[in-house]
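Working notes for the structure below.
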There are 2 protein chains.
Amino acid sequence: LVGCGTVGGAVARILLQNGGRVSERSGVGIELAAIVSRRKEPALATGIDAGRVYSELQPVLDNPSIDLVVELTGGLDYADEVITRALEADKHVVTANKALLAHRGRELFALARKRGLSIGFEASCGGGIPIIRAITDGLVANHVDALYGIVNGTSNFILSEMIHRGESYPQALAAAQAQGLAEADPTLDVDGTDSAHKLAIMASLAFGGDVRFDAIPVEGIDNLSERDVAFGRDLGYVVKLLAVAHRIEGGITAWVRPAFISSEHPLAWVGGPFNAISVYGHTTGHTLYYGRGAGGDPTAGAVIADIIGMANGVIPAIFAHTGFWPDRNHNGALIPMTESTSRFYVRIMALDKPGVLASISAILGEHAISIASLRQNEQAGGDVRVPVVITTHRCREASIRAAIEEIDRLAATADAAVCMPIVEEHPEYPSN
Amino acid sequence: LVGCGTVGGAVARILLQNGGRVSERSGVGIELAAIVSRRKEPALATGIDAGRVYSELQPVLDNPSIDLVVELTGGLDYADEVITRALEADKHVVTANKALLAHRGRELFALARKRGLSIGFEASCGGGIPIIRAITDGLVANHVDALYGIVNGTSNFILSEMIHRGESYPQALAAAQAQGLAEADPTLDVDGTDSAHKLAIMASLAFGGDVRFDAIPVEGIDNLSERDVAFGRDLGYVVKLLAVAHRIEGGITAWVRPAFISSEHPLAWVGGPFNAISVYGHTTGHTLYYGRGAGGDPTAGAVIADIIGMANGVIPAIFAHTGFWPDRNHNGALIPMTESTSRFYVRIMALDKPGVLASISAILGEHAISIASLRQNEQAGGDVRVPVVITTHRCREASIRAAIEEIDRLAATADAAVCMPIVEEHPEYPSN
């Protein structure tokens, strides 16, 4: 076990304290042979023998009785080194490192395969939710058509606070930090990066390609206004930070951004720090997987399931036989999301002057965008700007963007318009 | 493939028409060698070569190039014969037959194991939801503490109609039949039997025992009054036909019955014909699995995942190594649910006479049952009976039953009282 932070510590404690229970259920004997940690104290606090705590990786790699290295250090460079050296020393690998797999999954999977080894990474996406197994095993008979995920618990908690308490983003972030659900520097969680890491991994497997993290357009919740949360709610929508990948004509498109979803869709009900992923398969239809997306114990449960799966042969069987791995399929180029269609929510701050609505609707009409609803409330307080809230029928993303650029240039509008997709229930059997 | 009804036909069509796609994704070549069906027409309608359609099982068993028999005939006796003979002829087995596994899973698993074979049965529970894999593989590191399922789509559709349209049970049943979501004889779906079959299978695996179908107390939705649905809704609860198994002191208890659940619990949001199963594990906490619980295509997706899992080695690995199988653990005796505790909803039809509330509360008090809320509305129409709706704090099931027996004997009550459990959010880490 390399790395002994929150997840690593939980893995070690479960193996040391509940090892008997785990062995009885799994039918495989698992022995925690070593913890490699730069700091000795957290390792010793798990109750492991002091003689099994190492500050360097090499003695572990040199030990032929060790079959498996669990990488839980996080970060990129050292983790990459740990996994690469472990594979080169003929050890299987289990990791929770979504950032590394999103960036270098293809190369690491190829290296493992070349050496007849496997990599388990259930814990990299959705914490305790067995979503990797669902995609690679439970849904293996499916041609996956779409994948919609809420895969960052910090963001979902913040959005839940904004939705249910009407809080602003800074207030909700402070609440999350006070409850230990957001780090002091929450950037990677709230700016969508973490969700995009997970989406890159899940979409690669679901669609059988090599969806690279840096090809996914990402927008976070850090600029979201409580005003749009409230306007959306009035229209029957709930805002979620969605990680989406779906088939469109000619290929796959993918994105991470705040989006509105109907309050009737199961994903709208996912509250607080929970995660959920909806998968639409051509034969199974809509299935959804829900649970805790982070935290020591839930993530440790996924890591230990992978250790067991490596020992009993389940993971090697999937790794060796199935055909959807990024190192086996290089058709990962995404179609730009501007080519896809969606419904949209648009909020324009208009100066209360005659003709402004006419100009806005004319621009939308020129771009062949059909208005589904429009609401302009009376001016409030001393503000000379009034919010105009528009929902559109389905249109091309390129069209709405071009229209908004023009609207933003109007003399009668202030600030940049806010534009968010409205995600409708995905048709269940579109590719039949 | 033995049996060519809705599910069997869908399996055959997917293998014949999308076989290339399935092979590409799964990495295993699957050839549909034969359909055994008493009636030739449905088999031929799948597009299979006429020379591969048989009316008898024996030629299939005699064919050494056939590795796997898929039993989709339904029912008990013939299905049992098919599976037993297939195992004795050294073929692996995949089945969707929940009734058979609930009754004779232990014996069939033992026979398979004795002959070095495996049985796949993902399709037996939750249709397209990979819940068997979640319990036996994804959550394998967990000591499961509780399992709450909505596992009958027909009943859930009927209840959704009763909840959202205020319909009576007969009206909602007729709507389900009109939409093809209930059979002409819906007995096994609405009386809870089908849910109990699935619960017996899931609970055996989750708790590592041999939970027999006939040990599970079962009550259906066929006597549910729309009046109680509405009273419960006013109190913030949603009625669901729940299949529940959970640890209590000294063991496991299990039941199937209509129950109220808080409208905030994710299971309350499962509408129409969908199914969902909540599992509470000691390390992973709450996870939930949602999808279509029936239907040809979703169930076929699970059957084909099992065929692939048999070919790539995933199912044999789980079957051979893991320790929670009913044939390996005989500690399946359930603790009577009267020994467990719950909150309860009670509706009493009282004659509008002085002292009746005093008598009722006195009886509850004598049985150490504490009232959480009580509501008696004014008499309506010409009815001399008024409904008294009580919710209790947590108490022993034996106590509430004894109290209700006494209340029913009061001269001031009419009809038998209605009593339903109120299921609270399960504590996530009770067994840590």
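Following the order of the structure tokens, first chain is A, next is B, and so on, with residues numbered from 1 inside each chain and ligands from 1 in the order they appear.
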May I have the residues of chain B within 8 Å of chain A, counting only C-alpha atoms, written as a PyMOL selection string?
chain B and resi 21-22+24-28+128-130+133-134+137-143+208+266+269-270+283-292+297-302+304-305+308-309+312-315+317-318+321-324
Let's have the selection written as a PDB file, in the first residue's frame, with C-alpha atoms.
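File produced: selection-v5.pdb:
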```
ATOM      1  CA  ARG B  21     -21.199  -5.672 -31.556  1.00  0.00           C
ATOM      2  CA  VAL B  22     -21.480  -7.911 -28.505  1.00  0.00           C
ATOM      3  CA  GLU B  24     -16.362  -6.706 -30.158  1.00  0.00           C
ATOM      4  CA  ARG B  25     -17.165  -5.250 -26.768  1.00  0.00           C
ATOM      5  CA  SER B  26     -16.936  -8.450 -24.747  1.00  0.00           C
ATOM      6  CA  GLY B  27     -13.971  -9.987 -26.528  1.00  0.00           C
ATOM      7  CA  VAL B  28     -15.636 -13.389 -26.581  1.00  0.00           C
ATOM      8  CA  GLY B 128     -31.516  -5.024 -16.280  1.00  0.00           C
ATOM      9  CA  ILE B 129     -30.004  -3.732 -13.025  1.00  0.00           C
ATOM     10  CA  PRO B 130     -26.677  -5.476 -12.328  1.00  0.00           C
ATOM     11  CA  ARG B 133     -22.866  -8.327  -9.488  1.00  0.00           C
ATOM     12  CA  ALA B 134     -23.063  -5.362  -7.111  1.00  0.00           C
ATOM     13  CA  ASP B 137     -18.502  -8.368  -6.616  1.00  0.00           C
ATOM     14  CA  GLY B 138     -18.730  -4.568  -6.330  1.00  0.00           C
ATOM     15  CA  LEU B 139     -19.623  -4.646  -2.622  1.00  0.00           C
ATOM     16  CA  VAL B 140     -17.603  -7.768  -1.808  1.00  0.00           C
ATOM     17  CA  ALA B 141     -15.527  -5.861   0.781  1.00  0.00           C
ATOM     18  CA  ASN B 142     -18.669  -5.068   2.761  1.00  0.00           C
ATOM     19  CA  HIS B 143     -20.369  -6.628   5.689  1.00  0.00           C
ATOM     20  CA  GLY B 208     -24.011 -15.078   3.340  1.00  0.00           C
ATOM     21  CA  PRO B 266     -34.178   7.929  -2.850  1.00  0.00           C
ATOM     22  CA  TRP B 269     -38.540   8.627  -6.028  1.00  0.00           C
ATOM     23  CA  VAL B 270     -38.624   5.355  -7.941  1.00  0.00           C
ATOM     24  CA  THR B 283     -17.596   0.385   4.576  1.00  0.00           C
ATOM     25  CA  THR B 284     -19.329   1.668   1.435  1.00  0.00           C
ATOM     26  CA  GLY B 285     -22.411   3.008   3.228  1.00  0.00           C
ATOM     27  CA  HIS B 286     -25.545   3.520   1.164  1.00  0.00           C
ATOM     28  CA  THR B 287     -25.490   2.632  -2.516  1.00  0.00           C
ATOM     29  CA  LEU B 288     -28.556   2.326  -4.733  1.00  0.00           C
ATOM     30  CA  TYR B 289     -29.098   0.606  -8.083  1.00  0.00           C
ATOM     31  CA  TYR B 290     -31.929   1.727 -10.339  1.00  0.00           C
ATOM     32  CA  GLY B 291     -33.321   0.541 -13.657  1.00  0.00           C
ATOM     33  CA  ARG B 292     -35.953  -1.429 -15.484  1.00  0.00           C
ATOM     34  CA  ASP B 297     -34.682  -6.186 -23.705  1.00  0.00           C
ATOM     35  CA  PRO B 298     -33.503  -5.137 -20.216  1.00  0.00           C
ATOM     36  CA  THR B 299     -33.689  -8.703 -18.921  1.00  0.00           C
ATOM     37  CA  ALA B 300     -31.978  -9.973 -22.074  1.00  0.00           C
ATOM     38  CA  GLY B 301     -29.143  -7.508 -21.390  1.00  0.00           C
ATOM     39  CA  ALA B 302     -28.572  -9.205 -18.043  1.00  0.00           C
ATOM     40  CA  ILE B 304     -26.194 -11.792 -22.218  1.00  0.00           C
ATOM     41  CA  ALA B 305     -23.911 -10.186 -19.639  1.00  0.00           C
ATOM     42  CA  ILE B 308     -20.254 -13.163 -21.602  1.00  0.00           C
ATOM     43  CA  GLY B 309     -19.268 -13.385 -17.935  1.00  0.00           C
ATOM     44  CA  ASN B 312     -14.568 -14.559 -20.044  1.00  0.00           C
ATOM     45  CA  GLY B 313     -14.259 -16.162 -16.623  1.00  0.00           C
ATOM     46  CA  VAL B 314     -15.812 -13.478 -14.431  1.00  0.00           C
ATOM     47  CA  ILE B 315     -18.744 -15.553 -13.213  1.00  0.00           C
ATOM     48  CA  ALA B 317     -14.237 -16.666 -10.563  1.00  0.00           C
ATOM     49  CA  ILE B 318     -16.976 -15.280  -8.311  1.00  0.00           C
ATOM     50  CA  HIS B 321     -14.001 -18.192  -4.749  1.00  0.00           C
ATOM     51  CA  THR B 322     -16.524 -16.168  -2.835  1.00  0.00           C
ATOM     52  CA  GLY B 323     -17.906 -17.483   0.411  1.00  0.00           C
ATOM     53  CA  PHE B 324     -21.461 -16.201   0.671  1.00  0.00           C
TER      54      PHE B 324
END
```
Once DSSP has gone over the backbone, tell me which residues of region 168-243 of chain B are in helix (DSSP H, G or I), as an MDAnalysis selection string.
chainID B and resid 169:178 187:190 193:207 213:215 226:234
Separating CA of Lys198 (chain B) from CA of Ala254 (chain B), to the nearest tenth of an Å, is a gap of 11.9 Å
